[in-house]
$ cat entry_11.cif   # mmCIF, C-alpha atoms and all ligand atoms
data_input
loop_
_atom_site.label_atom_id
_atom_site.label_comp_id
_atom_site.auth_asym_id
_atom_site.auth_seq_id
_atom_site.Cartn_x
_atom_site.Cartn_y
_atom_site.Cartn_z
CA MET A 11 -38.20 -99.89 26.63
CA GLU A 12 -40.88 -101.54 28.74
CA LYS A 13 -40.54 -101.79 32.48
CA LYS A 14 -42.40 -104.10 34.76
CA ILE A 15 -43.43 -101.43 37.20
CA SER A 16 -46.85 -100.20 38.23
CA LYS A 17 -48.85 -101.98 35.53
CA ASP A 18 -51.50 -102.91 38.08
CA TYR A 19 -51.58 -99.36 39.24
CA LEU A 20 -52.18 -98.11 35.72
CA VAL A 21 -54.86 -100.74 35.12
CA ASN A 22 -56.73 -99.45 38.15
CA PHE A 23 -56.01 -95.88 37.23
CA GLU A 24 -57.52 -96.41 33.80
CA LYS A 25 -60.52 -98.24 35.28
CA GLU A 26 -61.33 -95.38 37.63
CA LEU A 27 -60.49 -92.54 35.27
CA ASP A 28 -63.20 -90.20 34.09
CA PRO A 29 -61.38 -88.40 31.28
CA GLN A 30 -63.49 -85.30 31.91
CA ASN A 31 -62.68 -85.21 35.64
CA PRO A 32 -59.28 -86.78 36.26
CA GLU A 33 -58.86 -84.89 39.54
CA ASN A 34 -61.92 -86.49 41.10
CA SER A 35 -60.83 -90.03 40.39
CA LYS A 36 -60.12 -92.61 43.08
CA PHE A 37 -56.57 -92.25 41.79
CA PRO A 38 -56.39 -88.49 41.45
CA ALA A 39 -54.25 -87.06 38.70
CA LYS A 40 -53.51 -83.64 37.35
CA VAL A 41 -53.62 -82.95 33.64
CA ILE A 42 -50.39 -81.13 32.90
CA GLY A 43 -50.60 -80.99 29.14
CA TYR A 44 -53.01 -81.49 26.32
CA GLY A 45 -51.77 -83.15 23.19
CA GLU A 46 -53.63 -83.16 19.97
CA ILE A 47 -54.06 -86.88 20.47
CA SER A 48 -52.79 -87.57 23.96
CA SER A 49 -53.44 -86.09 27.35
CA ILE A 50 -50.65 -85.82 29.82
CA PHE A 51 -51.07 -86.73 33.47
CA LYS A 52 -49.17 -86.45 36.62
CA ILE A 53 -50.61 -89.11 38.91
CA ASP A 54 -50.79 -88.19 42.60
CA GLY A 55 -48.34 -90.26 44.59
CA ILE A 56 -46.14 -91.20 41.64
CA SER A 57 -43.35 -88.71 41.68
CA GLY A 58 -40.81 -88.01 39.01
CA TRP A 59 -42.84 -89.44 36.12
CA ILE A 60 -45.56 -88.15 33.84
CA TYR A 61 -47.91 -90.26 31.70
CA LYS A 62 -49.11 -89.57 28.18
CA ARG A 63 -52.37 -91.41 27.65
CA LEU A 64 -53.28 -92.46 24.12
CA PRO A 65 -56.76 -94.00 24.02
CA LEU A 66 -56.58 -94.77 20.33
CA PHE A 67 -56.60 -98.48 19.79
CA GLU A 68 -59.22 -101.05 18.80
CA SER A 69 -57.07 -104.03 19.72
CA LYS A 70 -54.11 -104.98 21.82
CA ASP A 71 -52.20 -105.78 18.65
CA GLN A 72 -52.79 -102.34 17.27
CA ALA A 73 -51.53 -100.78 20.50
CA ARG A 74 -48.47 -103.05 20.54
CA LYS A 75 -47.67 -102.13 16.97
CA TYR A 76 -47.81 -98.47 17.83
CA ALA A 77 -45.60 -99.07 20.86
CA ASN A 78 -43.06 -100.89 18.68
CA SER A 79 -42.99 -97.97 16.30
CA TYR A 80 -42.53 -95.71 19.27
CA ASP A 81 -39.50 -97.80 20.31
CA ASP A 82 -38.00 -97.55 16.82
CA TYR A 83 -38.65 -93.85 16.66
CA VAL A 84 -37.02 -92.96 19.98
CA LEU A 85 -34.11 -95.30 19.27
CA ASN A 86 -33.39 -93.52 16.00
CA LEU A 87 -33.91 -90.06 17.45
CA ARG A 88 -31.25 -90.95 19.99
CA LYS A 89 -28.99 -92.28 17.22
CA SER A 90 -29.32 -88.97 15.43
CA GLY A 91 -27.86 -87.30 18.50
CA ILE A 92 -30.98 -85.86 20.11
CA ASN A 93 -31.38 -86.19 23.89
CA LEU A 94 -34.67 -87.63 25.15
CA PRO A 95 -35.97 -88.08 28.70
CA GLU A 96 -35.92 -91.59 30.12
CA ASP A 97 -39.16 -93.39 29.28
CA PHE A 98 -41.19 -96.61 29.36
CA TYR A 99 -44.70 -97.63 28.37
CA LYS A 100 -47.63 -99.88 29.20
CA VAL A 101 -50.57 -101.09 27.13
CA ILE A 102 -53.75 -101.16 29.20
CA GLU A 103 -57.17 -102.53 28.34
CA GLY A 104 -59.64 -99.68 28.80
CA LYS A 105 -63.42 -99.63 28.82
CA ASN A 106 -63.89 -98.92 25.13
CA LYS A 107 -60.39 -98.95 23.75
CA PHE A 108 -56.90 -100.17 24.37
CA VAL A 109 -54.85 -97.41 25.84
CA LEU A 110 -51.14 -96.80 25.54
CA TYR A 111 -49.52 -95.07 28.48
CA LEU A 112 -46.19 -93.54 27.56
CA ALA A 113 -44.31 -92.60 30.70
CA GLN A 114 -41.54 -90.05 30.73
CA LYS A 115 -39.27 -88.65 33.39
CA GLU A 116 -40.87 -85.49 34.64
CA ILE A 117 -39.29 -82.25 33.51
CA LEU A 118 -39.38 -79.29 35.89
CA LYS A 119 -41.62 -76.48 34.75
CA GLU A 120 -38.81 -73.96 34.76
CA ASP A 121 -36.78 -76.21 32.47
CA LEU A 122 -39.42 -76.20 29.70
CA CYS A 123 -38.22 -74.00 26.83
CA GLN A 124 -41.70 -72.61 26.42
CA ASN A 125 -41.53 -71.24 29.96
CA LYS A 126 -37.96 -70.09 29.54
CA LEU A 127 -39.09 -68.07 26.55
CA HIS A 128 -41.05 -65.92 28.98
CA SER A 129 -38.49 -65.71 31.79
CA GLN A 130 -35.27 -65.15 29.83
CA THR A 131 -33.84 -62.08 28.11
CA ASP A 132 -34.15 -61.74 24.34
CA GLU A 133 -30.51 -62.56 24.02
CA GLN A 134 -30.87 -65.78 26.01
CA ASN A 135 -33.94 -66.68 24.00
CA LEU A 136 -32.17 -66.28 20.69
CA LYS A 137 -29.35 -68.47 21.97
CA MET A 138 -31.90 -71.09 23.00
CA LEU A 139 -33.62 -70.95 19.62
CA LYS A 140 -30.29 -71.35 17.88
CA LYS A 141 -29.60 -74.46 19.96
CA ILE A 142 -32.98 -75.85 18.91
CA PHE A 143 -32.23 -75.15 15.23
CA ILE A 144 -29.00 -77.11 15.67
CA GLU A 145 -30.84 -80.10 17.13
CA ILE A 146 -33.33 -80.08 14.27
CA ARG A 147 -30.49 -79.97 11.79
CA LYS A 148 -29.18 -83.20 13.34
CA ILE A 149 -32.36 -84.94 12.21
CA TYR A 150 -31.89 -83.60 8.69
CA ASP A 151 -28.29 -84.85 8.63
CA PHE A 152 -29.31 -88.23 10.03
CA ASN A 153 -31.91 -88.60 7.29
CA GLN A 154 -29.41 -87.63 4.60
CA ASN A 155 -26.77 -89.98 5.95
CA ASN A 156 -29.20 -92.87 5.94
CA LYS A 157 -30.07 -92.17 2.32
CA ARG A 158 -33.71 -92.12 3.33
CA LYS A 159 -33.67 -95.79 4.29
CA ILE A 160 -34.98 -94.41 7.50
CA GLU A 161 -36.35 -90.92 7.66
CA LEU A 162 -37.36 -89.28 10.93
CA SER A 163 -39.84 -86.48 11.43
CA ILE A 164 -39.63 -83.92 14.19
CA ASP A 165 -42.04 -81.37 15.56
CA GLY A 166 -39.56 -78.67 16.43
CA GLN A 167 -41.83 -76.19 18.20
CA VAL A 168 -40.48 -74.50 21.31
CA SER A 169 -43.10 -76.28 23.40
CA ASN A 170 -41.46 -79.65 22.69
CA TRP A 171 -38.05 -78.90 24.19
CA ALA A 172 -36.55 -78.52 27.63
CA ILE A 173 -33.12 -77.63 28.93
CA GLU A 174 -31.65 -79.67 31.77
CA LYS A 175 -28.10 -78.95 32.84
CA GLU A 176 -27.42 -76.91 29.72
CA GLU A 177 -28.53 -79.81 27.55
CA LEU A 178 -31.53 -79.68 25.22
CA LEU A 179 -34.08 -82.47 25.60
CA TYR A 180 -36.77 -83.30 23.07
CA PHE A 181 -39.86 -84.84 24.65
CA ASP A 182 -42.72 -84.78 22.12
CA THR A 183 -42.18 -88.36 21.03
CA SER A 184 -45.70 -89.72 21.40
CA THR A 185 -46.52 -89.49 17.69
CA PRO A 186 -43.84 -91.65 16.05
CA LEU A 187 -43.88 -90.39 12.49
CA PHE A 188 -41.07 -91.92 10.47
CA LYS A 189 -40.56 -93.58 7.12
CA ILE A 190 -38.71 -96.72 6.16
CA ASN A 191 -37.69 -96.80 2.50
CA ASN A 192 -40.06 -93.94 1.89
CA VAL A 193 -43.06 -95.69 3.44
CA GLU A 194 -44.77 -93.90 6.32
CA GLN A 195 -44.89 -96.17 9.37
CA MET A 196 -47.76 -94.36 11.08
CA ASN A 197 -51.29 -95.28 10.18
CA PRO A 198 -52.88 -91.85 9.81
CA GLU A 199 -56.30 -93.30 10.51
CA LEU A 200 -55.15 -93.80 14.09
CA LEU A 201 -54.54 -90.08 14.45
CA LEU A 202 -57.97 -89.49 12.99
CA ASN A 203 -59.50 -91.54 15.80
CA SER A 204 -59.30 -88.42 17.91
CA THR A 205 -61.39 -86.42 15.45
CA PRO A 206 -65.16 -86.43 14.94
CA ALA A 207 -66.11 -89.40 12.77
CA ALA A 208 -68.46 -87.42 10.57
CA LEU A 209 -65.78 -84.94 9.61
CA ARG A 210 -62.83 -87.23 9.07
CA TRP A 211 -63.28 -87.13 5.31
CA LEU A 212 -62.71 -83.39 5.41
CA ILE A 213 -59.53 -83.61 7.44
CA ARG A 214 -58.34 -86.49 5.29
CA ALA A 215 -59.02 -84.58 2.10
CA PHE A 216 -57.57 -81.21 3.00
CA PHE A 217 -55.19 -81.30 5.95
CA LEU A 218 -53.85 -84.65 7.01
CA GLN A 219 -51.18 -85.21 4.39
CA ASP A 220 -49.95 -81.63 4.69
CA VAL A 221 -49.71 -81.79 8.44
CA MET A 222 -47.89 -85.13 8.31
CA ASP A 223 -45.47 -84.04 5.57
CA ARG A 224 -44.38 -80.83 7.20
CA TYR A 225 -42.49 -82.59 9.99
CA TYR A 226 -40.11 -84.21 7.51
CA ASN A 227 -39.13 -80.97 5.87
CA ILE A 228 -36.43 -79.02 7.70
CA ARG A 229 -37.51 -75.79 6.05
CA LEU A 230 -41.09 -76.22 7.21
CA VAL A 231 -40.00 -77.34 10.66
CA TYR A 232 -37.97 -74.13 10.99
CA ILE A 233 -40.85 -72.04 9.66
CA ASP A 234 -43.19 -73.74 12.12
CA LEU A 235 -40.84 -73.02 15.01
CA VAL A 236 -40.35 -69.37 14.09
CA ALA A 237 -44.04 -68.81 13.32
CA ASN A 238 -44.81 -70.11 16.78
CA LEU A 239 -43.20 -66.95 18.18
CA PHE A 240 -46.36 -65.13 17.07
CA LYS A 241 -48.45 -67.38 19.26
CA GLU A 242 -45.98 -66.97 22.13
CA GLN A 243 -46.27 -63.17 21.79
CA LYS A 244 -42.56 -62.90 21.03
CA VAL A 245 -42.93 -61.14 17.70
CA ASP A 246 -39.82 -59.04 18.35
CA LEU A 247 -37.65 -62.15 18.15
CA ILE A 248 -38.86 -63.25 14.75
CA ASP A 249 -36.41 -61.44 12.48
CA SER A 250 -33.34 -62.41 14.48
CA ALA A 251 -34.59 -65.98 14.87
CA LEU A 252 -35.00 -66.18 11.12
CA VAL A 253 -31.40 -65.16 10.61
CA GLY A 254 -30.40 -68.04 12.88
CA ALA A 255 -32.63 -70.52 11.06
CA ASN A 256 -31.38 -69.46 7.65
CA ILE A 257 -27.77 -69.94 8.70
CA LEU A 258 -28.52 -73.51 9.71
CA LEU A 259 -30.55 -74.38 6.64
CA PRO A 260 -28.62 -76.66 4.29
CA GLU A 261 -27.10 -74.67 1.43
CA ASN A 262 -29.24 -76.17 -1.29
CA ILE A 263 -32.43 -75.07 0.43
CA GLU A 264 -34.04 -71.70 -0.23
CA LYS A 265 -33.82 -69.18 2.61
CA ILE A 266 -36.95 -68.42 4.60
CA THR A 267 -38.56 -64.97 4.45
CA ARG A 268 -40.60 -63.21 7.11
CA LYS A 269 -43.54 -63.01 4.72
CA GLU A 270 -43.66 -66.78 4.48
CA VAL A 271 -43.61 -67.10 8.23
CA GLU A 272 -46.56 -64.72 8.53
CA LYS A 273 -48.55 -66.53 5.88
CA TYR A 274 -47.79 -69.88 7.48
CA TYR A 275 -48.91 -68.68 10.87
CA LYS A 276 -52.28 -67.54 9.55
CA GLU A 277 -52.94 -70.82 7.79
CA ASP A 278 -51.74 -72.97 10.66
CA LYS A 279 -53.86 -71.11 13.15
CA PHE A 280 -56.86 -71.80 10.95
CA ILE A 281 -56.12 -75.52 10.67
CA TRP A 282 -55.71 -76.13 14.39
CA GLN A 283 -58.63 -73.98 15.43
CA LEU A 284 -60.83 -75.87 13.04
CA PHE A 285 -59.48 -79.17 14.29
CA LEU A 286 -60.05 -78.31 17.93
CA GLY A 287 -63.43 -76.79 17.17
CA LEU A 288 -64.51 -79.98 15.47
CA ARG A 289 -63.40 -82.01 18.45
CA ARG A 290 -65.36 -79.81 20.84
CA THR A 291 -68.45 -80.34 18.73
CA ASP A 292 -67.78 -84.04 18.79
CA ARG A 293 -67.44 -84.06 22.55
CA TRP A 294 -70.72 -82.23 22.89
CA VAL A 295 -72.59 -84.58 20.59
CA THR A 296 -71.03 -87.64 22.21
CA ASN A 297 -71.69 -86.53 25.77
CA LYS A 298 -75.06 -84.89 25.45
CA ILE A 299 -76.75 -86.75 22.67
CA LEU A 300 -75.16 -90.15 22.39
CA ARG A 301 -74.31 -90.26 26.11
CA LYS A 302 -71.17 -92.23 25.53
CA GLN A 303 -68.09 -91.48 27.49
CA TYR A 304 -65.91 -89.01 25.69
CA GLU A 305 -62.43 -90.48 25.63
CA TYR A 306 -60.38 -87.40 25.06
CA ILE A 307 -59.50 -84.52 27.29
CA LEU A 308 -59.66 -81.19 25.58
CA PRO A 309 -57.95 -77.96 26.49
CA GLY A 310 -60.00 -74.86 27.15
CA LYS A 311 -59.69 -71.81 24.92
CA ILE A 312 -56.15 -71.38 23.62
CA LYS A 313 -54.85 -67.89 23.08
CA ARG A 314 -53.36 -67.65 19.61
N1 LIG A 401 -41.75 -85.27 30.43
C1 LIG A 401 -42.50 -84.20 30.71
N2 LIG A 401 -42.37 -83.57 31.91
C2 LIG A 401 -43.10 -82.48 32.20
N3 LIG A 401 -44.03 -81.95 31.37
C3 LIG A 401 -44.22 -82.54 30.17
C4 LIG A 401 -43.47 -83.68 29.78
N4 LIG A 401 -43.88 -84.04 28.54
C5 LIG A 401 -44.83 -83.16 28.19
N5 LIG A 401 -45.06 -82.24 29.15
C6 LIG A 401 -46.01 -81.13 29.11
O1 LIG A 401 -47.08 -81.43 28.25
C7 LIG A 401 -47.08 -80.58 27.09
C8 LIG A 401 -47.40 -81.37 25.84
O2 LIG A 401 -46.49 -82.44 25.71
P1 LIG A 401 -46.04 -83.05 24.30
O3 LIG A 401 -45.34 -82.01 23.53
O4 LIG A 401 -45.34 -84.31 24.57
O5 LIG A 401 -47.40 -83.39 23.65
P2 LIG A 401 -48.21 -82.72 22.47
O6 LIG A 401 -47.44 -81.83 21.62
O7 LIG A 401 -49.32 -82.07 23.09
O8 LIG A 401 -48.53 -84.06 21.89
P3 LIG A 401 -49.13 -84.81 20.68
O9 LIG A 401 -47.93 -85.39 20.03
O10 LIG A 401 -50.00 -85.82 21.34
O11 LIG A 401 -49.86 -83.82 19.85
C9 LIG A 401 -45.70 -79.99 27.06
O12 LIG A 401 -45.68 -78.75 26.40
C10 LIG A 401 -45.35 -79.89 28.53
O13 LIG A 401 -45.95 -78.75 29.10
MG MG A 402 -45.83 -80.86 21.82
#
$ encode --input "entry_11.cif" --output "structure tokens"
Amino acid sequence: MEKKISKDYLVNFEKELDPQNPENSKFPAKVIGYGEISSIFKIDGISGWIYKRLPLFESKDQARKYANSYDDYVLNLRKSGINLPEDFYKVIEGKNKFVLYLAQKEILKEDLCQNKLHSQTDEQNLKMLKKIFIEIRKIYDFNQNNKRKIELSIDGQVSNWAIEKEELLYFDTSTPLFKINNVEQMNPELLLNSTPAALRWLIRAFFLQDVMDRYYNIRLVYIDLVANLFKEQKVDLIDSALVGANILLPENIEKITRKEVEKYYKEDKFIWQLFLGLRRTDRWVTNKILRKQYEYILPGKIKR
């Protein structure tokens, strides 16, 4: 859905933005989240909305195509029965790239499941995790019912969900990975735009396909979600969460063991640390040596 509001504002915002110092811009904004490929802003003076900025595109066409895929993706997520926040988007011509701004209704901090995980009792947390497993299962059922004509991916991690008025909301929609008749609709090279050019071959060769495939596989999505409890320092919940996940796994799929979750966590941690490390190197080379503007906003050290 595209709305005709505040395009001019975003054009000026983009013009004035220094991705390294968004708070010092003429249009000050706070970074409230760091995606792997997007950065998430709350712009001062615009209340109730947040903006995910994707500076990925060489042409307007490329950005439009991505936006159309985004439309298809959120439409089908909704069809599958998942609740999403209200949204709209704008394509803006930036200095070096075309930029897609995906706007979403702002979710209150205390409604984010990741925060709830640290404010709720264990019992409440397990209930919340079970609700998330149920939502993820809806995607699996949707894909089965559509006989893979259309197949949706989902990144089920706790950090991608919120609860508003007892209802789960999924908001990590900015990477529309889905297949039509078994053909991936996302051009993976676009995702690689956010990685250091010199090392793309390495990511392409060893990680990219794996990372993209995992979001289509309910078993791996569950493993990913449970393994994330290590990172969230909620190790005590893992065994009970696994029971919940295994109950919701379709019958023909092998149950998940704790061992697998541990192994997965170690490997995943390695992949993302490498990825982020490479991007930091890239930022350094770009800023200090090539003196080009670095387009991406990187998080500081992440505790894992
Ligand atoms: N609509 C929203 N309202 C409030 N905060 C949000 C909203 N969307 C995202 N955030 C914050 O930003 C963080 C990252 O958002 P999101 O999950 O959409 O991106 P990501 O996982 O980092 O993205 P990417 O798909 O680019 O890798 C969230 O964990 C949350 O803290
Ligand atoms: Mg996310």
$ residues_near_ligand --input "entry_11.cif" --ligand "ligand LIG 401 (chain A)" --cutoff "10 Å" --atoms "only C-alpha atoms and all ligand atoms" --output "PyMOL selection string"
chain A and resi 41-52+58-64+94-97+112-125+165-172+179-187+201
$ write_last_selection --input "entry_11.cif" --atoms "C-alpha atoms" --output "mmCIF file, in the coordinates of the input"
data_model
loop_
_atom_site.group_PDB
_atom_site.id
_atom_site.type_symbol
_atom_site.label_atom_id
_atom_site.label_comp_id
_atom_site.auth_asym_id
_atom_site.auth_seq_id
_atom_site.Cartn_x
_atom_site.Cartn_y
_atom_site.Cartn_z
ATOM 1 C CA VAL A 41 -53.620 -82.950 33.640
ATOM 2 C CA ILE A 42 -50.390 -81.130 32.900
ATOM 3 C CA GLY A 43 -50.600 -80.990 29.140
ATOM 4 C CA TYR A 44 -53.010 -81.490 26.320
ATOM 5 C CA GLY A 45 -51.770 -83.150 23.190
ATOM 6 C CA GLU A 46 -53.630 -83.160 19.970
ATOM 7 C CA ILE A 47 -54.060 -86.880 20.470
ATOM 8 C CA SER A 48 -52.790 -87.570 23.960
ATOM 9 C CA SER A 49 -53.440 -86.090 27.350
ATOM 10 C CA ILE A 50 -50.650 -85.820 29.820
ATOM 11 C CA PHE A 51 -51.070 -86.730 33.470
ATOM 12 C CA LYS A 52 -49.170 -86.450 36.620
ATOM 13 C CA GLY A 58 -40.810 -88.010 39.010
ATOM 14 C CA TRP A 59 -42.840 -89.440 36.120
ATOM 15 C CA ILE A 60 -45.560 -88.150 33.840
ATOM 16 C CA TYR A 61 -47.910 -90.260 31.700
ATOM 17 C CA LYS A 62 -49.110 -89.570 28.180
ATOM 18 C CA ARG A 63 -52.370 -91.410 27.650
ATOM 19 C CA LEU A 64 -53.280 -92.460 24.120
ATOM 20 C CA LEU A 94 -34.670 -87.630 25.150
ATOM 21 C CA PRO A 95 -35.970 -88.080 28.700
ATOM 22 C CA GLU A 96 -35.920 -91.590 30.120
ATOM 23 C CA ASP A 97 -39.160 -93.390 29.280
ATOM 24 C CA LEU A 112 -46.190 -93.540 27.560
ATOM 25 C CA ALA A 113 -44.310 -92.600 30.700
ATOM 26 C CA GLN A 114 -41.540 -90.050 30.730
ATOM 27 C CA LYS A 115 -39.270 -88.650 33.390
ATOM 28 C CA GLU A 116 -40.870 -85.490 34.640
ATOM 29 C CA ILE A 117 -39.290 -82.250 33.510
ATOM 30 C CA LEU A 118 -39.380 -79.290 35.890
ATOM 31 C CA LYS A 119 -41.620 -76.480 34.750
ATOM 32 C CA GLU A 120 -38.810 -73.960 34.760
ATOM 33 C CA ASP A 121 -36.780 -76.210 32.470
ATOM 34 C CA LEU A 122 -39.420 -76.200 29.700
ATOM 35 C CA CYS A 123 -38.220 -74.000 26.830
ATOM 36 C CA GLN A 124 -41.700 -72.610 26.420
ATOM 37 C CA ASN A 125 -41.530 -71.240 29.960
ATOM 38 C CA ASP A 165 -42.040 -81.370 15.560
ATOM 39 C CA GLY A 166 -39.560 -78.670 16.430
ATOM 40 C CA GLN A 167 -41.830 -76.190 18.200
ATOM 41 C CA VAL A 168 -40.480 -74.500 21.310
ATOM 42 C CA SER A 169 -43.100 -76.280 23.400
ATOM 43 C CA ASN A 170 -41.460 -79.650 22.690
ATOM 44 C CA TRP A 171 -38.050 -78.900 24.190
ATOM 45 C CA ALA A 172 -36.550 -78.520 27.630
ATOM 46 C CA LEU A 179 -34.080 -82.470 25.600
ATOM 47 C CA TYR A 180 -36.770 -83.300 23.070
ATOM 48 C CA PHE A 181 -39.860 -84.840 24.650
ATOM 49 C CA ASP A 182 -42.720 -84.780 22.120
ATOM 50 C CA THR A 183 -42.180 -88.360 21.030
ATOM 51 C CA SER A 184 -45.700 -89.720 21.400
ATOM 52 C CA THR A 185 -46.520 -89.490 17.690
ATOM 53 C CA PRO A 186 -43.840 -91.650 16.050
ATOM 54 C CA LEU A 187 -43.880 -90.390 12.490
ATOM 55 C CA LEU A 201 -54.540 -90.080 14.450
#
$ residues_around --input "entry_11.cif" --residues "A:Lys70" --least-positions-apart "6" --cutoff "10 Å" --atoms "all atoms listed in the file" --output "mmCIF file with C-alpha atoms, in the frame of the given file"
data_model
loop_
_atom_site.group_PDB
_atom_site.id
_atom_site.type_symbol
_atom_site.label_atom_id
_atom_site.label_comp_id
_atom_site.auth_asym_id
_atom_site.auth_seq_id
_atom_site.Cartn_x
_atom_site.Cartn_y
_atom_site.Cartn_z
ATOM 1 C CA TYR A 76 -47.810 -98.470 17.830
ATOM 2 C CA VAL A 101 -50.570 -101.090 27.130
ATOM 3 C CA ILE A 102 -53.750 -101.160 29.200
ATOM 4 C CA GLU A 103 -57.170 -102.530 28.340
ATOM 5 C CA LYS A 107 -60.390 -98.950 23.750
ATOM 6 C CA PHE A 108 -56.900 -100.170 24.370
ATOM 7 C CA VAL A 109 -54.850 -97.410 25.840
ATOM 8 C CA LEU A 110 -51.140 -96.800 25.540
#
$ closest_residue --input "entry_11.cif" --among "A:Leu162, A:Leu20, A:Leu218, A:Leu235" --to "ligand MG 402 (chain A)" --atoms "all atoms listed in the file"
A:Leu235
$ atom_distance --input "entry_11.cif" --atom1 "atom CA of A:Leu136" --atom2 "atom CA of A:Thr267"
17.5 Å
$ residues_near_point --input "entry_11.cif" --point "(-31.8, -74.6, 17.1)" --cutoff "10 Å" --atoms "all atoms listed in the file" --output "PyMOL selection string"
chain A and resi 136-148+166+168+178+232+235+251+254-255+258
$ closest_residue --input "entry_11.cif" --among "A:Ile228, A:Leu200, A:Trp282, A:Lys105" --to "A:Asn262" --atoms "only C-alpha atoms"
A:Ile228
$ closest_residue --input "entry_11.cif" --among "A:Lys276, A:Glu199, A:Glu26, A:Arg214" --to "A:Gln72" --atoms "only C-alpha atoms"
A:Glu199
$ atom_distance --input "entry_11.cif" --atom1 "atom CA of A:Asn93" --atom2 "atom CA of A:Ile164"
12.9 Å
$ residues_around --input "entry_11.cif" --residues "A:Tyr19" --least-positions-apart "6" --cutoff "12 Å" --atoms "all atoms listed in the file" --output "ChimeraX atom specification"
/A:25-27,36-37,53-56,100,102,111
$ closest_residue --input "entry_11.cif" --among "A:Asn238, A:Phe188, A:Lys40, A:Leu85" --to "ligand MG 402 (chain A)" --atoms "only C-alpha atoms and all ligand atoms"
A:Asn238
$ closest_residue --input "entry_11.cif" --among "A:Tyr99, A:Phe67, A:Tyr275, A:Phe285" --to "A:Leu209" --atoms "only C-alpha atoms"
A:Phe285
$ atom_distance --input "entry_11.cif" --atom1 "atom CA of A:Lys189" --atom2 "atom CA of A:Ile160"
5.7 Å
$ residues_around --input "entry_11.cif" --residues "A:Ser90" --least-positions-apart "4" --cutoff "7 Å" --atoms "all atoms listed in the file" --output "JSON, numbers by chain"
{"A": [86, 148, 149, 152]}
$ axis_aligned_box --input "entry_11.cif" --around "stretch 177-181 of chain A" --padding-each-side "6 Å" --output "AutoDock Vina command-line options"
--center_x -34.2 --center_y -82.3 --center_z 25.3 --size_x 23.3 --size_y 17.2 --size_z 16.5
$ closest_residue --input "entry_11.cif" --among "A:Asn155, A:Arg229, A:Lys269, A:Gln243" --to "A:Ile257" --atoms "only C-alpha atoms"
A:Arg229
$ build_atoms --input "entry_11.cif" --residues "stretch 75-87 of chain A" --atoms "N, CA and C atoms" --output "compact mmCIF listing (two decimals), in the coordinates of the input"
# COMPACT_ATOMS: atom_id res chain seq x y z
N LYS A 75 -48.33 -102.56 18.20
CA LYS A 75 -47.67 -102.13 16.97
C LYS A 75 -47.23 -100.68 17.10
N TYR A 76 -48.13 -99.89 17.63
CA TYR A 76 -47.81 -98.47 17.83
C TYR A 76 -46.63 -98.34 18.79
N ALA A 77 -46.67 -99.13 19.86
CA ALA A 77 -45.60 -99.07 20.86
C ALA A 77 -44.26 -99.49 20.24
N ASN A 78 -44.30 -100.49 19.34
CA ASN A 78 -43.06 -100.89 18.68
C ASN A 78 -42.51 -99.77 17.80
N SER A 79 -43.42 -99.11 17.10
CA SER A 79 -42.99 -97.97 16.30
C SER A 79 -42.40 -96.89 17.18
N TYR A 80 -43.04 -96.70 18.31
CA TYR A 80 -42.53 -95.71 19.27
C TYR A 80 -41.09 -96.06 19.66
N ASP A 81 -40.86 -97.34 19.96
CA ASP A 81 -39.50 -97.80 20.31
C ASP A 81 -38.50 -97.48 19.20
N ASP A 82 -38.88 -97.81 17.96
CA ASP A 82 -38.00 -97.55 16.82
C ASP A 82 -37.71 -96.07 16.68
N TYR A 83 -38.78 -95.30 16.86
CA TYR A 83 -38.65 -93.85 16.66
C TYR A 83 -37.69 -93.25 17.68
N VAL A 84 -37.89 -93.57 18.97
CA VAL A 84 -37.02 -92.96 19.98
C VAL A 84 -35.58 -93.48 19.86
N LEU A 85 -35.46 -94.75 19.47
CA LEU A 85 -34.11 -95.30 19.27
C LEU A 85 -33.36 -94.50 18.20
N ASN A 86 -34.05 -94.24 17.10
CA ASN A 86 -33.39 -93.52 16.00
C ASN A 86 -33.20 -92.03 16.29
N LEU A 87 -34.14 -91.45 17.03
CA LEU A 87 -33.91 -90.06 17.45
C LEU A 87 -32.63 -89.98 18.27
